[in-house]
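Enquirer: Dropping in work-v1.cif, with mmCIF, C-alpha atoms and all ligand atoms.
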data_query
#
loop_
_atom_site.label_atom_id
_atom_site.label_comp_id
_atom_site.auth_asym_id
_atom_site.auth_seq_id
_atom_site.Cartn_x
_atom_site.Cartn_y
_atom_site.Cartn_z
CA MET A 168 21.01 13.83 9.98
CA THR A 169 19.92 14.02 6.34
CA GLN A 170 17.01 16.33 5.82
CA LEU A 171 13.74 14.54 5.05
CA GLU A 172 12.55 15.42 1.55
CA ALA A 173 9.99 12.76 0.66
CA VAL A 174 7.51 10.31 2.17
CA ILE A 175 6.54 7.17 0.25
CA PHE A 176 3.26 5.54 1.19
CA ASP A 177 1.96 2.04 0.71
CA LEU A 178 -1.71 2.05 -0.38
CA ASP A 179 -3.79 -0.90 0.88
CA GLY A 180 -3.87 -1.07 4.67
CA THR A 181 -1.91 2.18 5.02
CA LEU A 182 -3.68 5.02 3.17
CA VAL A 183 -6.94 3.23 2.35
CA ASP A 184 -9.11 0.43 3.69
CA SER A 185 -9.85 -1.41 0.45
CA ALA A 186 -10.79 -4.79 1.91
CA ARG A 187 -14.55 -4.55 1.28
CA ASP A 188 -14.19 -3.87 -2.45
CA LEU A 189 -11.56 -6.59 -2.78
CA GLN A 190 -13.87 -8.98 -0.92
CA ASN A 191 -16.85 -8.15 -3.14
CA ALA A 192 -14.84 -8.61 -6.34
CA MET A 193 -13.37 -11.85 -5.01
CA ASN A 194 -16.75 -13.26 -4.02
CA ALA A 195 -18.20 -12.44 -7.45
CA LEU A 196 -15.27 -14.32 -8.98
CA LEU A 197 -15.61 -17.29 -6.60
CA ALA A 198 -19.38 -17.51 -7.15
CA GLY A 199 -18.73 -17.79 -10.89
CA GLU A 200 -16.52 -20.78 -10.12
CA GLY A 201 -19.09 -22.39 -7.83
CA LEU A 202 -16.84 -21.80 -4.82
CA ARG A 203 -17.71 -20.52 -1.35
CA SER A 204 -17.43 -16.86 -0.35
CA VAL A 205 -14.52 -15.52 1.66
CA SER A 206 -15.00 -13.41 4.81
CA LEU A 207 -13.64 -9.90 5.26
CA GLU A 208 -11.06 -11.19 7.75
CA GLU A 209 -9.92 -13.86 5.30
CA VAL A 210 -9.49 -11.27 2.56
CA LYS A 211 -7.49 -8.99 4.87
CA SER A 212 -5.09 -11.87 5.51
CA MET A 213 -4.62 -12.29 1.73
CA ILE A 214 -3.98 -8.64 0.72
CA GLY A 215 -0.57 -7.08 0.14
CA ASP A 216 1.30 -9.17 -2.42
CA GLY A 217 -0.55 -8.18 -5.57
CA VAL A 218 -3.59 -9.50 -7.39
CA ALA A 219 -2.13 -12.84 -8.53
CA LYS A 220 -1.25 -13.77 -4.92
CA LEU A 221 -4.65 -12.59 -3.70
CA VAL A 222 -6.48 -14.84 -6.18
CA GLU A 223 -4.07 -17.72 -5.55
CA ARG A 224 -4.70 -17.51 -1.79
CA ALA A 225 -8.47 -17.29 -2.27
CA LEU A 226 -8.45 -20.36 -4.54
CA ALA A 227 -6.35 -22.27 -2.01
CA ALA A 228 -8.73 -21.30 0.82
CA THR A 229 -11.87 -22.29 -1.06
CA GLY A 230 -10.69 -25.44 -2.82
CA GLY A 231 -10.43 -23.91 -6.29
CA ASP A 232 -8.41 -25.40 -9.14
CA PRO A 233 -4.91 -23.81 -9.21
CA ALA A 234 -4.76 -24.45 -12.98
CA ARG A 235 -7.51 -21.81 -13.36
CA LEU A 236 -5.27 -19.13 -11.78
CA PRO A 237 -4.14 -17.21 -14.90
CA ALA A 238 -7.68 -16.95 -16.29
CA LEU A 239 -9.10 -16.04 -12.90
CA VAL A 240 -6.52 -13.30 -12.30
CA ASP A 241 -7.63 -11.67 -15.56
CA HIS A 242 -11.28 -12.12 -14.61
CA PHE A 243 -10.69 -10.68 -11.14
CA LEU A 244 -9.02 -7.61 -12.63
CA ALA A 245 -11.95 -7.09 -15.01
CA ILE A 246 -14.37 -7.13 -12.07
CA TYR A 247 -12.25 -5.14 -9.64
CA ASP A 248 -11.02 -2.44 -12.01
CA THR A 249 -14.47 -0.87 -12.29
CA ASN A 250 -15.43 -1.56 -8.66
CA ALA A 251 -12.28 -0.60 -6.77
CA ALA A 252 -13.64 2.56 -5.19
CA ASN A 253 -17.21 1.62 -4.25
CA HIS A 254 -16.59 1.16 -0.51
CA THR A 255 -12.89 1.98 -0.21
CA GLU A 256 -12.13 4.80 2.22
CA ALA A 257 -9.09 6.70 3.42
CA TYR A 258 -8.17 5.82 7.01
CA PRO A 259 -8.68 8.47 9.72
CA GLY A 260 -6.06 11.21 9.62
CA VAL A 261 -4.84 10.45 6.10
CA LEU A 262 -6.15 13.58 4.37
CA ASP A 263 -4.93 15.96 7.11
CA THR A 264 -1.54 14.24 7.18
CA LEU A 265 -1.03 14.49 3.42
CA GLU A 266 -1.98 18.19 3.56
CA SER A 267 0.45 18.80 6.44
CA LEU A 268 3.30 16.99 4.74
CA ARG A 269 2.83 19.00 1.56
CA ARG A 270 2.70 22.20 3.61
CA LEU A 271 6.02 21.18 5.14
CA GLY A 272 7.40 21.07 1.59
CA LEU A 273 7.78 17.29 1.38
CA GLN A 274 7.27 15.37 -1.84
CA LEU A 275 4.90 12.40 -1.67
CA ALA A 276 4.67 9.10 -3.57
CA VAL A 277 2.64 5.90 -3.52
CA VAL A 278 4.33 2.54 -4.00
CA THR A 279 1.77 -0.28 -3.99
CA ASN A 280 1.54 -3.86 -5.20
CA LYS A 281 -1.97 -3.07 -6.50
CA PRO A 282 -2.18 -2.62 -10.29
CA CYS A 283 -1.90 0.97 -11.52
CA SER A 284 -5.39 1.30 -13.00
CA ALA A 285 -7.22 0.40 -9.77
CA THR A 286 -4.73 2.45 -7.75
CA THR A 287 -5.39 5.53 -9.86
CA GLU A 288 -9.15 5.01 -9.72
CA ILE A 289 -9.07 4.83 -5.92
CA LEU A 290 -6.79 7.87 -5.49
CA ARG A 291 -8.96 9.95 -7.83
CA ALA A 292 -12.24 8.82 -6.26
CA LEU A 293 -10.99 9.77 -2.80
CA GLY A 294 -9.54 13.10 -3.95
CA LEU A 295 -5.99 12.04 -3.09
CA ARG A 296 -4.30 11.80 -6.50
CA ALA A 297 -2.98 15.37 -6.59
CA PHE A 298 -0.89 14.88 -3.44
CA PHE A 299 1.45 12.43 -5.15
CA SER A 300 4.24 13.28 -7.58
CA ALA A 301 4.84 9.59 -8.33
CA VAL A 302 2.57 6.55 -8.21
CA ILE A 303 4.19 3.15 -8.75
CA GLY A 304 1.85 0.15 -9.05
CA GLY A 305 2.32 -3.58 -8.87
CA ASP A 306 2.41 -3.79 -12.66
CA THR A 307 4.71 -0.80 -13.28
CA LEU A 308 7.85 -2.94 -13.07
CA PRO A 309 8.54 -6.69 -13.27
CA GLU A 310 9.50 -6.48 -9.57
CA ARG A 311 7.14 -5.77 -6.68
CA LYS A 312 7.72 -5.15 -2.98
CA PRO A 313 9.55 -6.69 -1.08
CA HIS A 314 11.94 -5.95 -3.98
CA PRO A 315 13.37 -2.43 -3.60
CA ALA A 316 13.01 -1.55 -7.31
CA PRO A 317 9.57 0.16 -7.10
CA ILE A 318 10.76 2.33 -4.20
CA LEU A 319 13.94 3.24 -6.03
CA MET A 320 11.89 4.12 -9.12
CA ALA A 321 9.66 6.42 -7.07
CA LEU A 322 12.71 8.13 -5.56
CA ASP A 323 14.21 8.52 -9.01
CA ARG A 324 11.04 10.22 -10.25
CA LEU A 325 11.08 12.54 -7.24
CA GLY A 326 14.79 13.23 -7.56
CA VAL A 327 15.31 12.27 -3.90
CA SER A 328 18.05 10.05 -2.47
CA PRO A 329 17.12 7.06 -0.25
CA GLY A 330 18.64 8.69 2.83
CA ALA A 331 16.29 11.66 2.49
CA ALA A 332 13.13 9.56 2.31
CA LEU A 333 10.76 7.75 4.67
CA MET A 334 8.49 4.80 3.76
CA VAL A 335 5.20 4.26 5.59
CA GLY A 336 3.55 0.86 5.18
CA ASP A 337 1.52 -1.85 6.90
CA ASN A 338 3.22 -5.04 5.79
CA TYR A 339 6.57 -6.70 6.33
CA HIS A 340 7.05 -6.43 2.56
CA ASP A 341 7.02 -2.65 2.92
CA VAL A 342 9.66 -2.86 5.64
CA GLN A 343 11.83 -5.28 3.65
CA ALA A 344 11.57 -3.23 0.45
CA ALA A 345 12.40 -0.01 2.28
CA ARG A 346 15.36 -1.55 4.08
CA ALA A 347 16.70 -2.97 0.80
CA ALA A 348 16.33 0.48 -0.79
CA GLY A 349 18.14 2.17 2.10
CA VAL A 350 15.03 4.07 3.20
CA ARG A 351 13.82 4.55 6.79
CA VAL A 352 10.46 2.91 7.43
CA PHE A 353 7.49 3.36 9.77
CA ALA A 354 4.67 0.80 10.02
CA VAL A 355 1.02 1.46 10.82
CA THR A 356 -0.55 -0.96 13.30
CA TYR A 357 -4.09 -0.86 11.84
CA GLY A 358 -3.50 -2.39 8.39
CA TYR A 359 -3.29 -5.88 6.93
CA ASN A 360 0.07 -6.94 8.34
CA HIS A 361 0.48 -10.71 8.25
CA LYS A 362 3.11 -10.99 10.96
CA PRO A 363 3.20 -9.87 14.62
CA LEU A 364 4.05 -6.17 14.72
CA THR A 365 7.12 -6.83 16.83
CA GLU A 366 8.53 -8.91 13.96
CA LEU A 367 8.12 -6.07 11.49
CA ALA A 368 11.24 -4.34 12.83
CA ALA A 369 10.09 -0.96 11.57
CA ASP A 370 11.85 2.15 12.85
CA GLN A 371 8.60 3.22 14.44
CA LEU A 372 5.00 2.00 14.77
CA LEU A 373 2.05 4.35 14.17
CA ASP A 374 -1.34 3.55 15.71
CA THR A 375 -2.98 6.15 13.50
CA MET A 376 -1.82 8.16 10.50
CA SER A 377 -2.32 11.27 12.64
CA ASP A 378 0.78 10.19 14.59
CA LEU A 379 3.01 10.53 11.52
CA VAL A 380 3.68 14.28 11.47
CA PRO A 381 4.38 14.48 15.23
CA SER A 382 6.68 11.44 14.88
CA ILE A 383 8.60 13.06 12.08
CA GLY A 384 8.88 16.21 14.15
CA ILE A 385 10.34 14.26 17.09
CA GLY A 386 12.30 11.55 15.40
CA ILE A 387 13.58 12.75 12.08
CA ALA A 388 15.47 15.92 11.45
CA ALA A 389 12.88 18.03 13.21
CA GLU A 390 15.22 20.98 13.20
CA ASP A 391 15.46 20.76 9.42
CA LEU A 392 11.76 20.29 8.85
CA LEU A 393 10.71 23.20 10.97
CA ARG A 394 13.42 25.60 9.93
O1 LIG B 1 -1.74 -6.53 -2.63
C1 LIG B 1 -2.14 -5.53 -3.23
O2 LIG B 1 -2.77 -5.63 -4.30
C2 LIG B 1 -1.83 -4.14 -2.73
O3 LIG B 1 -1.11 -4.08 -1.58
P1 LIG B 1 -0.31 -2.79 -1.05
O4 LIG B 1 -1.03 -1.53 -1.50
O5 LIG B 1 -0.39 -2.99 0.42
O6 LIG B 1 1.06 -2.90 -1.63
MG MG B 2 -0.27 -2.59 2.36
#
Represent the structure contained in this file as structure tokens.

Expert:
Amino acid sequence: MTQLEAVIFDLDGTLVDSARDLQNAMNALLAGEGLRSVSLEEVKSMIGDGVAKLVERALAATGGDPARLPALVDHFLAIYDTNAANHTEAYPGVLDTLESLRRLGLQLAVVTNKPCSATTEILRALGLRAFFSAVIGGDTLPERKPHPAPILMALDRLGVSPGAALMVGDNYHDVQAARAAGVRVFAVTYGYNHKPLTELAADQLLDTMSDLVPSIGIGIAAEDLLR
């Protein structure tokens, strides 16, 4: 079994619960358009495919004019960029897990469909930025997950081959992108997945991030990790 050298994390729904800040920014945008607010549950069902999709789904849900989409994506970004870390928190077990993985000598990366500026603001505000040797956002490349390119770019920056990496995400797009990149993939059960967990077809499900290190120890090259 190839020795595990790197873990790539999705951001929203995996490392951080960002739904409240996304909801607040969205409702400020919608109010400016004279449209109704969206609930937290609605927003959670819209997260994961980047900002343009998020705004498109919110407009569709509230009867907004699709022709306004390009202008409203820009407006959303202007609101969200400076308010991305007001209520956003790391999920339980995330900080301890990142510390443990680094202690085990693993390299860490973030591959998210969220734009880089908001991603960086959140990671810095939560004290997580220093754990990651590579951070790939939704606007780093023309392609986003489920395309494998962002994952391959992260691996390239880390100097790690796909077979020596593990992806951890919450969405079927994370699973698809990882599979297409040739990377093993675990899925957390607490995030914003839009499909039944059984359909995710991840290599393993994690009910909490605290389960990750024990799972690696049992399932993936434990003898190598602990040597
Ligand atoms: O949809 C987004 O903006 C971010 O989603 P992700 O961090 O789960 O990739
Ligand atoms: Mg996600």

Enquirer: Quick one: residues within 12 Å of stretch 362-379 of chain A, only C-alpha atoms, excluding same-chain residues fewer than 3 positions away - as an MDAnalysis selection string?

Expert: chainID A and resid 174 176 180:183 212 257:268 333:346 350:359 382:387

Enquirer: When you draw a straight line from atom CA of A:Ser328 to atom CA of A:Ile214, how long is it in Å?

Expert: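 Interatomic distance, atom CA of A:Ser328 to atom CA of A:Ile214: 29.1 Å.
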
Enquirer: Using all atoms listed in the file, find the one residue out of A:Leu290, A:Phe243, A:Val278, A:Ser300 that sits nearest to ligand MG 2 (chain B).

Expert: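 Smallest separation from ligand MG 2 (chain B) among the options: A:Val278.
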
Enquirer: Mind giving me the straight-line distance from atom CA of A:Ala251 to atom CA of A:Gln190 in Å, one decimal?

Expert: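 Rounded to one decimal, the two atoms are 10.3 Å apart.
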
Enquirer: Could you give me the residues within 7 Å of ligand LIG 1 (chain B), counting only C-alpha atoms and all ligand atoms, as JSON, numbers by chain?

Expert: {"A": [177, 178, 179, 180, 214, 215, 216, 217, 218, 221, 278, 279, 280, 281, 282, 337, 338]}

Enquirer: Tell me which protein, DNA and RNA residues are within 10 Å of A:Glu209, counting only C-alpha atoms, leaving out same-chain ones fewer than 5 positions away, and put them as an mmCIF file with C-alpha atoms, in the coordinates of the input.

Expert:
data_model
loop_
_atom_site.group_PDB
_atom_site.id
_atom_site.type_symbol
_atom_site.label_atom_id
_atom_site.label_comp_id
_atom_site.auth_asym_id
_atom_site.auth_seq_id
_atom_site.Cartn_x
_atom_site.Cartn_y
_atom_site.Cartn_z
ATOM 1 C CA ALA A 186 -10.790 -4.790 1.910
ATOM 2 C CA GLN A 190 -13.870 -8.980 -0.920
ATOM 3 C CA SER A 204 -17.430 -16.860 -0.350
ATOM 4 C CA ILE A 214 -3.980 -8.640 0.720
ATOM 5 C CA ARG A 224 -4.700 -17.510 -1.790
ATOM 6 C CA ALA A 225 -8.470 -17.290 -2.270
ATOM 7 C CA ALA A 228 -8.730 -21.300 0.820
#

Enquirer: I need the residue nearest ligand MG 2 (chain B) from this list: A:Ala234, A:Lys211, A:Ile289, A:Arg324. Use all atoms listed in the file for the distance.

Expert: A:Lys211

Enquirer: From the set A:Arg269, A:Arg187, A:Lys312, A:His254, which residue has the shortest atom-to-atom contact distance to ligand MG 2 (chain B), counting all atoms listed in the file?

Expert: A:Lys312

Enquirer: Which distance in Å separates atom CA of A:Phe298 and atom CA of A:Gly272, to one decimal?

Expert: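 Value for the atom CA of A:Phe298-atom CA of A:Gly272 distance: 11.5 Å.
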
Enquirer: So which one's closest to ligand MG 2 (chain B), A:Pro313, A:Arg270, A:Leu308, A:Gln170? Using only C-alpha atoms and all ligand atoms, please.

Expert: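 With only C-alpha atoms and all ligand atoms as the atom set, the closest residue is A:Pro313.
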
Enquirer: For a cutoff of 12 Å around the file-coordinate point (6.5, -1.6, -16.2), which residues qualify once you count only C-alpha atoms? I'd like the result as a ChimeraX atom specification.

Expert: /A:282-283,303-311,316-317,320

Enquirer: Mind checking which residues fall within 10 Å of A:Glu288, counting all atoms listed in the file, ignoring those fewer than 2 positions away in the same chain, and posting them as an MDAnalysis selection string?

Expert: chainID A and resid 248:252 283:286 290:294 296

Enquirer: Could you save the residues just selected, with C-alpha atoms, as a PDB file, keeping the file's coordinate frame?

Expert:
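Resulting contents of out_27.pdb:
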ATOM      1  CA  ASP A 248     -11.020  -2.440 -12.010  1.00  0.00           C
ATOM      2  CA  THR A 249     -14.470  -0.870 -12.290  1.00  0.00           C
ATOM      3  CA  ASN A 250     -15.430  -1.560  -8.660  1.00  0.00           C
ATOM      4  CA  ALA A 251     -12.280  -0.600  -6.770  1.00  0.00           C
ATOM      5  CA  ALA A 252     -13.640   2.560  -5.190  1.00  0.00           C
ATOM      6  CA  CYS A 283      -1.900   0.970 -11.520  1.00  0.00           C
ATOM      7  CA  SER A 284      -5.390   1.300 -13.000  1.00  0.00           C
ATOM      8  CA  ALA A 285      -7.220   0.400  -9.770  1.00  0.00           C
ATOM      9  CA  THR A 286      -4.730   2.450  -7.750  1.00  0.00           C
ATOM     10  CA  LEU A 290      -6.790   7.870  -5.490  1.00  0.00           C
ATOM     11  CA  ARG A 291      -8.960   9.950  -7.830  1.00  0.00           C
ATOM     12  CA  ALA A 292     -12.240   8.820  -6.260  1.00  0.00           C
ATOM     13  CA  LEU A 293     -10.990   9.770  -2.800  1.00  0.00           C
ATOM     14  CA  GLY A 294      -9.540  13.100  -3.950  1.00  0.00           C
ATOM     15  CA  ARG A 296      -4.300  11.800  -6.500  1.00  0.00           C
TER      16      ARG A 296
END

Enquirer: Taking all atoms listed in the file into account, which of A:Met213, A:Glu208, A:Ala245, A:Ala219 comes nearest ligand MG 2 (chain B)?

Expert: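 Using all atoms listed in the file, ligand MG 2 (chain B) sits closest to A:Met213.
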
Enquirer: When distances are computed from all atoms listed in the file, which of A:Asp323, A:Asp232, A:Asp184, A:Glu256 shows the smallest separation from A:Leu207?

Expert: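 Closest to A:Leu207 of all the choices is A:Asp184.
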
Enquirer: Counting only C-alpha atoms, select every polymer residue within 7 Å of (-15.0, -10.0, -0.9) as defined in the file's coordinates, and provide the selection as number ranges by chain.

Expert: A: 187-194, 205-207, 210
